[in-house]
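A.B. asks: What follows is protein.txt, made up of compact mmCIF, C-alpha atoms:
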# COMPACT_ATOMS: atom_id res chain seq x y z
CA MET Z 1 89.89 61.12 109.18
CA GLN Z 2 92.35 63.89 108.32
CA ILE Z 3 90.30 64.88 105.27
CA ARG Z 4 87.14 65.09 107.38
CA THR Z 5 88.92 67.24 109.99
CA ARG Z 6 90.27 69.52 107.28
CA ASN Z 7 86.80 69.94 105.79
CA LEU Z 8 85.44 70.88 109.22
CA TYR Z 9 88.08 73.59 109.54
CA LEU Z 10 87.05 74.92 106.12
CA ILE Z 11 83.43 75.53 107.19
CA PRO Z 12 84.03 78.89 109.01
CA TYR Z 13 86.22 80.13 106.16
CA LEU Z 14 83.73 79.17 103.44
CA THR Z 15 80.85 80.62 105.47
CA TRP Z 16 82.73 83.91 105.79
CA ILE Z 17 83.48 83.99 102.05
CA LEU Z 18 79.86 83.27 101.13
CA LEU Z 19 78.36 85.83 103.51
CA PHE Z 20 80.81 88.70 103.14
CA VAL Z 21 82.29 88.27 99.63
CA VAL Z 22 80.04 86.27 97.33
CA ALA Z 23 76.67 87.48 98.68
CA PRO Z 24 77.53 91.24 98.50
CA ILE Z 25 78.90 90.87 94.96
CA LEU Z 26 75.75 89.03 93.83
CA LEU Z 27 73.61 91.72 95.47
CA ILE Z 28 75.52 94.47 93.64
CA VAL Z 29 75.11 92.65 90.31
CA TYR Z 30 71.38 92.21 91.04
CA TYR Z 31 70.82 95.92 91.74
CA SER Z 32 72.74 96.92 88.62
CA PHE Z 33 69.85 95.65 86.46
CA PHE Z 34 67.29 98.06 87.91
CA ASN Z 35 66.73 101.75 87.24
CA VAL Z 36 65.83 104.48 89.73
CA ASP Z 37 62.13 103.49 89.48
CA GLY Z 38 62.87 99.86 90.34
CA GLN Z 39 62.23 98.56 86.80
CA PHE Z 40 64.44 95.93 85.16
CA THR Z 41 66.75 97.48 82.56
CA LEU Z 42 70.07 97.16 80.76
CA GLY Z 43 70.27 100.92 80.41
CA ASN Z 44 72.71 101.28 83.30
CA TYR Z 45 75.35 99.30 81.41
CA GLN Z 46 74.72 101.30 78.24
CA LYS Z 47 75.01 104.53 80.22
CA PHE Z 48 78.33 103.44 81.70
CA PHE Z 49 79.91 103.35 78.23
CA THR Z 50 79.07 106.99 77.54
CA PRO Z 51 81.93 109.55 77.40
CA VAL Z 52 81.18 110.91 80.89
CA TYR Z 53 81.67 107.61 82.72
CA LEU Z 54 84.52 106.45 80.48
CA LYS Z 55 86.38 109.69 81.21
CA MET Z 56 85.73 109.16 84.92
CA THR Z 57 87.09 105.61 84.66
CA LEU Z 58 90.28 106.80 82.92
CA SER Z 59 90.68 109.52 85.55
CA SER Z 60 90.34 106.97 88.36
CA PHE Z 61 92.95 104.68 86.81
CA TRP Z 62 95.30 107.60 86.16
CA TYR Z 63 95.20 108.89 89.73
CA ALA Z 64 95.46 105.37 91.17
CA PHE Z 65 98.49 104.79 88.91
CA LEU Z 66 100.14 108.04 90.06
CA ILE Z 67 99.51 107.24 93.74
CA THR Z 68 100.97 103.75 93.27
CA ILE Z 69 104.07 104.91 91.37
CA ILE Z 70 104.85 107.73 93.82
CA SER Z 71 104.35 105.38 96.77
CA LEU Z 72 106.66 102.79 95.17
CA LEU Z 73 109.40 105.33 94.43
CA ILE Z 74 109.37 106.45 98.08
CA ALA Z 75 108.70 103.06 99.68
CA TYR Z 76 111.42 100.97 98.00
CA PRO Z 77 114.44 103.02 99.16
CA THR Z 78 112.76 103.47 102.56
CA ALA Z 79 112.27 99.72 102.96
CA TYR Z 80 115.85 99.09 101.80
CA TRP Z 81 117.17 101.61 104.34
CA LEU Z 82 115.08 99.96 107.08
CA THR Z 83 116.81 96.64 106.48
CA LYS Z 84 120.18 98.32 107.08
CA THR Z 85 119.34 100.30 110.21
CA LYS Z 86 119.87 99.02 113.75
CA HIS Z 87 116.51 100.04 115.23
CA LYS Z 88 114.38 98.66 112.42
CA GLN Z 89 111.50 97.56 114.69
CA LEU Z 90 111.17 101.06 116.11
CA TRP Z 91 111.14 102.64 112.65
CA LEU Z 92 108.62 100.09 111.43
CA LEU Z 93 106.37 100.93 114.36
CA LEU Z 94 106.58 104.65 113.53
CA ILE Z 95 105.63 103.89 109.93
CA ILE Z 96 102.69 101.67 110.93
CA LEU Z 97 101.31 103.96 113.67
CA PRO Z 98 99.64 106.49 111.30
CA SER Z 99 97.66 103.67 109.68
CA TRP Z 100 95.95 103.06 113.04
CA ILE Z 101 94.48 106.58 113.05
CA ASN Z 102 91.01 107.04 111.56
CA LEU Z 103 91.11 108.09 107.90
CA LEU Z 104 88.64 110.93 108.45
CA LEU Z 105 90.77 112.37 111.26
CA LYS Z 106 93.87 112.32 109.04
CA ALA Z 107 91.96 114.05 106.23
CA TYR Z 108 90.77 116.80 108.58
CA ALA Z 109 94.31 117.19 109.95
CA PHE Z 110 95.57 117.97 106.44
CA LEU Z 111 92.80 120.54 106.01
CA GLY Z 112 94.51 122.47 108.80
CA ILE Z 113 98.05 121.76 107.61
CA PHE Z 114 97.39 122.86 104.01
CA GLY Z 115 94.86 125.59 104.86
CA THR Z 116 95.36 129.28 104.14
CA TYR Z 117 96.47 129.95 107.70
CA GLY Z 118 98.08 126.55 108.23
CA PRO Z 119 101.74 125.79 108.99
CA THR Z 120 102.56 125.03 105.34
CA ASN Z 121 101.54 128.51 104.18
CA LYS Z 122 103.25 130.04 107.21
CA LEU Z 123 106.48 128.35 106.09
CA LEU Z 124 106.01 129.60 102.52
CA GLU Z 125 105.47 133.13 103.79
CA SER Z 126 108.64 132.97 105.88
CA LEU Z 127 110.55 131.89 102.76
CA GLY Z 128 109.15 134.88 100.85
CA ILE Z 129 107.01 132.79 98.49
CA GLY Z 130 103.71 134.01 99.90
CA THR Z 131 100.40 132.29 100.58
CA GLN Z 132 99.50 129.58 98.07
CA GLN Z 133 96.31 127.67 97.33
CA ILE Z 134 97.40 124.17 98.34
CA LEU Z 135 94.06 122.66 99.34
CA PHE Z 136 91.61 121.57 96.63
CA THR Z 137 94.38 120.83 94.13
CA ASP Z 138 95.75 117.70 92.49
CA PHE Z 139 98.93 118.10 94.55
CA SER Z 140 97.10 118.00 97.89
CA PHE Z 141 95.03 115.00 96.76
CA LEU Z 142 98.11 113.03 95.67
CA PHE Z 143 100.12 114.04 98.73
CA VAL Z 144 97.46 112.95 101.23
CA SER Z 145 96.68 109.76 99.30
CA VAL Z 146 100.35 108.74 99.19
CA TYR Z 147 100.71 109.53 102.90
CA ILE Z 148 97.76 107.27 103.71
CA PHE Z 149 98.75 104.35 101.47
CA ILE Z 150 102.55 104.32 101.72
CA PRO Z 151 102.74 102.03 104.81
CA PHE Z 152 100.96 99.33 102.78
CA MET Z 153 103.67 99.64 100.13
CA ILE Z 154 106.62 99.68 102.53
CA LEU Z 155 105.71 96.59 104.56
CA PRO Z 156 105.57 93.92 101.80
CA ILE Z 157 108.73 95.30 100.17
CA TYR Z 158 110.49 95.31 103.55
CA ASN Z 159 109.46 91.70 104.17
CA ALA Z 160 110.71 90.66 100.73
CA LEU Z 161 114.06 92.37 101.35
CA GLU Z 162 114.38 90.72 104.76
CA GLU Z 163 113.68 87.25 103.35
CA MET Z 164 116.15 87.67 100.49
CA ASN Z 165 119.22 85.41 100.50
CA HIS Z 166 122.01 87.92 101.13
CA SER Z 167 124.70 85.47 100.08
CA LEU Z 168 123.60 86.20 96.51
CA LEU Z 169 124.67 89.82 96.99
CA ASP Z 170 128.11 88.66 98.08
CA ALA Z 171 128.28 86.43 95.01
CA ALA Z 172 127.39 89.38 92.76
CA ASN Z 173 130.10 91.51 94.36
CA ASP Z 174 132.66 88.71 93.95
CA LEU Z 175 131.77 88.49 90.26
CA GLY Z 176 132.46 92.21 89.83
CA ALA Z 177 128.89 93.49 89.50
CA SER Z 178 128.35 97.18 90.19
CA GLN Z 179 125.79 98.35 92.75
CA TRP Z 180 123.32 99.25 90.00
CA THR Z 181 123.80 95.90 88.25
CA THR Z 182 123.37 94.06 91.56
CA PHE Z 183 120.13 95.92 92.22
CA ARG Z 184 118.81 95.44 88.68
CA ARG Z 185 119.80 91.79 88.24
CA VAL Z 186 119.62 90.42 91.81
CA ILE Z 187 117.83 92.55 94.41
CA PHE Z 188 114.84 93.80 92.42
CA PRO Z 189 113.95 90.43 90.79
CA LEU Z 190 114.13 88.70 94.18
CA THR Z 191 111.83 91.31 95.76
CA LEU Z 192 109.41 91.55 92.83
CA ASP Z 193 106.70 89.63 94.71
CA GLY Z 194 106.85 92.21 97.50
CA VAL Z 195 106.57 95.02 94.95
CA LYS Z 196 103.54 93.33 93.37
CA SER Z 197 101.87 92.88 96.75
CA GLY Z 198 102.51 96.52 97.61
CA CYS Z 199 101.15 97.74 94.27
CA GLN Z 200 98.08 95.59 94.76
CA ALA Z 201 97.53 96.92 98.29
CA VAL Z 202 97.76 100.53 97.06
CA PHE Z 203 96.29 100.54 93.54
CA ILE Z 204 93.06 98.68 94.34
CA PRO Z 205 91.84 100.92 97.21
CA ALA Z 206 93.11 104.02 95.38
CA LEU Z 207 90.66 103.24 92.56
CA SER Z 208 87.67 103.68 94.86
CA LEU Z 209 88.70 106.75 96.89
CA PHE Z 210 85.88 109.15 97.64
CA MET Z 211 86.35 110.79 101.05
CA ILE Z 212 89.69 112.42 100.19
CA THR Z 213 88.35 113.64 96.84
CA ARG Z 214 85.67 115.56 98.73
CA LEU Z 215 87.58 116.91 101.72
CA VAL Z 216 91.08 117.49 100.35
CA ALA Z 217 90.55 117.79 96.58
CA GLY Z 218 87.27 119.71 96.90
CA ASN Z 219 85.58 117.54 94.24
CA ARG Z 220 88.14 118.69 91.66
CA VAL Z 221 89.16 115.04 91.37
CA ILE Z 222 86.26 112.81 90.32
CA THR Z 223 86.76 109.06 90.65
CA LEU Z 224 84.57 105.97 90.40
CA GLY Z 225 84.33 105.91 94.19
CA THR Z 226 82.96 109.46 94.18
CA ALA Z 227 80.38 108.51 91.53
CA ILE Z 228 79.25 105.46 93.53
CA GLU Z 229 78.81 107.60 96.64
CA GLN Z 230 76.81 110.19 94.67
CA HIS Z 231 74.44 107.62 93.17
CA PHE Z 232 73.80 105.77 96.42
CA LEU Z 233 73.55 108.74 98.81
CA VAL Z 234 72.51 111.76 96.70
CA THR Z 235 70.65 110.78 93.52
CA GLN Z 236 69.35 107.51 95.06
CA ASP Z 237 70.03 105.78 91.72
CA TRP Z 238 71.23 102.53 93.27
CA GLY Z 239 71.16 100.74 89.92
CA MET Z 240 73.73 103.06 88.33
CA GLY Z 241 75.85 103.06 91.48
CA ALA Z 242 75.80 99.25 91.51
CA THR Z 243 76.73 99.17 87.81
CA ILE Z 244 79.81 101.32 88.44
CA ALA Z 245 80.66 99.05 91.39
CA VAL Z 246 80.42 95.97 89.12
CA PHE Z 247 83.00 97.41 86.72
CA LEU Z 248 85.14 98.47 89.67
CA ILE Z 249 85.08 94.88 91.00
CA ILE Z 250 86.03 93.57 87.54
CA ALA Z 251 88.93 96.03 87.37
CA MET Z 252 90.12 95.02 90.83
CA ALA Z 253 89.97 91.33 89.92
CA PHE Z 254 92.00 92.05 86.78
CA ILE Z 255 94.63 93.93 88.80
CA MET Z 256 94.84 91.04 91.27
CA MET Z 257 95.43 88.63 88.39
CA LEU Z 258 98.21 90.82 86.99
CA THR Z 259 99.96 91.17 90.35
CA ARG Z 260 99.51 87.63 91.63
CA LYS Z 261 102.57 85.64 92.62
CA ARG Z 262 103.96 83.32 89.97
CA LYS Z 263 105.72 80.06 90.71
I'd like the structure from this file rewritten - as structure tokens, please.
C.D. replies:
Amino acid sequence: MQIRTRNLYLIPYLTWILLFVVAPILLIVYYSFFNVDGQFTLGNYQKFFTPVYLKMTLSSFWYAFLITIISLLIAYPTAYWLTKTKHKQLWLLLIILPSWINLLLKAYAFLGIFGTYGPTNKLLESLGIGTQQILFTDFSFLFVSVYIFIPFMILPIYNALEEMNHSLLDAANDLGASQWTTFRRVIFPLTLDGVKSGCQAVFIPALSLFMITRLVAGNRVITLGTAIEQHFLVTQDWGMGATIAVFLIIAMAFIMMLTRKRK
């Protein structure tokens, strides 16, 4: 009876997975075997392994790696500080609030902040540095991307730090371990699952960015997400766009395997 009840509860979950995960992936794989004229071909996969698309793939991984590393370097000490502060719930709310704002609105906000007549350049002028071209640069792209993704890095690390057995820290201190040794040998290994979850939550969506590359980076940064958008909306070559998406899905699955929790 319990097994039958459990199977009934699984029906909505399996239906959701089939309709919104398996079916879209199969549809993408199906379209990847057709060219712009609707003819069956393997040419899309051959084209993907040309220098242009391989360079684009390396660029996507490089920028996703930079966004993830910068987010981690900022998020870990922030999450650690949050566990020590009194008003941690308030600070957590302030960190989460920006993620509720529409991504497009945040991108347009930074167009004004980093613009020629924006507050950033006004500050630089007051410091005697002068007006600088901040928009449409790698710096602006990385800055905005980190700003958008950093809450998804902070939260899992914060949860891991909160769940950590703090008596182990007292034991390390009693045994004469320095603060650095305690962090390296106790704190970081115990929070590694939170770090992996945060890296997964940042790296995977960073691979497929396209809106920020257009608005903030001015198409100076070309990623796989940008190429998919171009093929589906501009060139109407759905087959090539689907082929890039197939390799993007494979890359994401590989990242999820690397960052999965180990028993």
A.B. asks: I need every residue sitting at most 12 Å from the point (99.1, 125.1, 105.8) (coordinates as in the file, only C-alpha atoms considered), written as number ranges by chain.
C.D. replies: Z: 109-125, 130-135, 140
A.B. asks: When you draw a straight line from atom CA of Z:Ile187 to atom CA of Z:Phe152, how long is it in Å?
C.D. replies: 20.0 Å
A.B. asks: Which stretch 69-142 of chain Z residues have any atom within 8 Å of an atom of stretch 161-168 of chain Z, and for each, what is the nearest pair of atoms with distance in Å to one decimal, counting only C-alpha atoms, rows sorted by chain and number, as JSON lines?
C.D. replies:
{"residue": "Z:Ala79", "atom": "CA", "partner": "Z:Leu161", "partner_atom": "CA", "distance": 7.7}
{"residue": "Z:Tyr80", "atom": "CA", "partner": "Z:Leu161", "partner_atom": "CA", "distance": 7.0}
{"residue": "Z:Thr83", "atom": "CA", "partner": "Z:Glu162", "partner_atom": "CA", "distance": 6.6}
A.B. asks: Go through Z:Thr226, Z:Leu207, Z:Ile129, Z:Val36 one by one, measure the shortest atom-to-atom distance of each to Z:Ile250 using only C-alpha atoms, and give the residue with the smallest value.
C.D. replies: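 Using only C-alpha atoms, Z:Ile250 sits closest to Z:Leu207.
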A.B. asks: Applying 9 Å and only C-alpha atoms, which residues near Z:Leu224 remain after dropping the ones on its own chain fewer than 5 positions away? List them as a list in words.
C.D. replies: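 Using only C-alpha atoms, the neighbours found are Tyr53, Met56, Thr57, Ser59, Ser60, Leu207, Ser208, Leu209, Phe210, Glu229, Ile244, Ala245 and Leu248 of chain Z.
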A.B. asks: Which residue out of Z:Ile67, Z:Ala172, Z:Val22, Z:Leu94 has the minimum interatomic distance to Z:Val144 when all atoms listed in the file are used?
C.D. replies: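 Closest residue, counting all atoms listed in the file: Z:Ile67.
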A.B. asks: Closest to Z:Leu155 among Z:Thr191, Z:Gln236, Z:Asn44, Z:Asn7, using all atoms listed in the file?
C.D. replies: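 That would be Z:Thr191, the residue with the smallest distance to Z:Leu155.
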A.B. asks: Z:Gly198: which residues within 8 Å, counting all atoms listed in the file, same-chain residues fewer than 5 positions away excluded, as a list in words?
C.D. replies: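 Contacts, in chain order: Leu72, Phe152, Met153, Ile154, Leu155, Pro156 and Ile157 of chain Z.
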A.B. asks: For C-alpha atoms, I'd like the residues from the last selection saved as an mmCIF file, in the coordinates of the input.
C.D. replies:
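The new file selection.cif reads:
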data_model
loop_
_atom_site.group_PDB
_atom_site.id
_atom_site.type_symbol
_atom_site.label_atom_id
_atom_site.label_comp_id
_atom_site.auth_asym_id
_atom_site.auth_seq_id
_atom_site.Cartn_x
_atom_site.Cartn_y
_atom_site.Cartn_z
ATOM 1 C CA LEU Z 72 106.660 102.790 95.170
ATOM 2 C CA PHE Z 152 100.960 99.330 102.780
ATOM 3 C CA MET Z 153 103.670 99.640 100.130
ATOM 4 C CA ILE Z 154 106.620 99.680 102.530
ATOM 5 C CA LEU Z 155 105.710 96.590 104.560
ATOM 6 C CA PRO Z 156 105.570 93.920 101.800
ATOM 7 C CA ILE Z 157 108.730 95.300 100.170
#
A.B. asks: For a test of reading the model, state the distance in Å between atom CA of Z:Gln39 and atom CA of Z:Phe232, rounded to one decimal.
C.D. replies: 16.7 Å
A.B. asks: So how many Å separate atom CA of Z:Tyr108 and atom CA of Z:Tyr147, to one decimal?
C.D. replies: 13.6 Å
A.B. asks: Choose the residue, out of Z:Thr78, Z:Thr137, Z:Gln46, Z:Ser99, that has the smallest atom-to-atom separation from Z:Val221; count only C-alpha atoms.
C.D. replies: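 Looking at the shortest contact to Z:Val221, the residue is Z:Thr137.
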A.B. asks: Could you work out an axis-aligned box for stretch 138-145 of chain Z, taking every atom the file lists and adding 5 Å on each side, and report centre and edge lengths in Å to one decimal, as AutoDock Vina command-line options?
C.D. replies:
--center_x 97.6 --center_y 113.9 --center_z 96.9 --size_x 15.1 --size_y 18.3 --size_z 18.7
A.B. asks: Which of these residues is nearest to Z:Phe203, using all atoms listed in the file: Z:Leu104, Z:Met240, Z:Met257, Z:Leu66?
C.D. replies: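 For Z:Phe203, the nearest of the candidates is Z:Leu66.
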A.B. asks: Near Z:Ile69, counting only C-alpha atoms, which residues have an atom at most 9 Å away, once you skip same-chain residues fewer than 5 positions from it, shown as a list in words?
C.D. replies: Ala64, Ile74 and Cys199 of chain Z
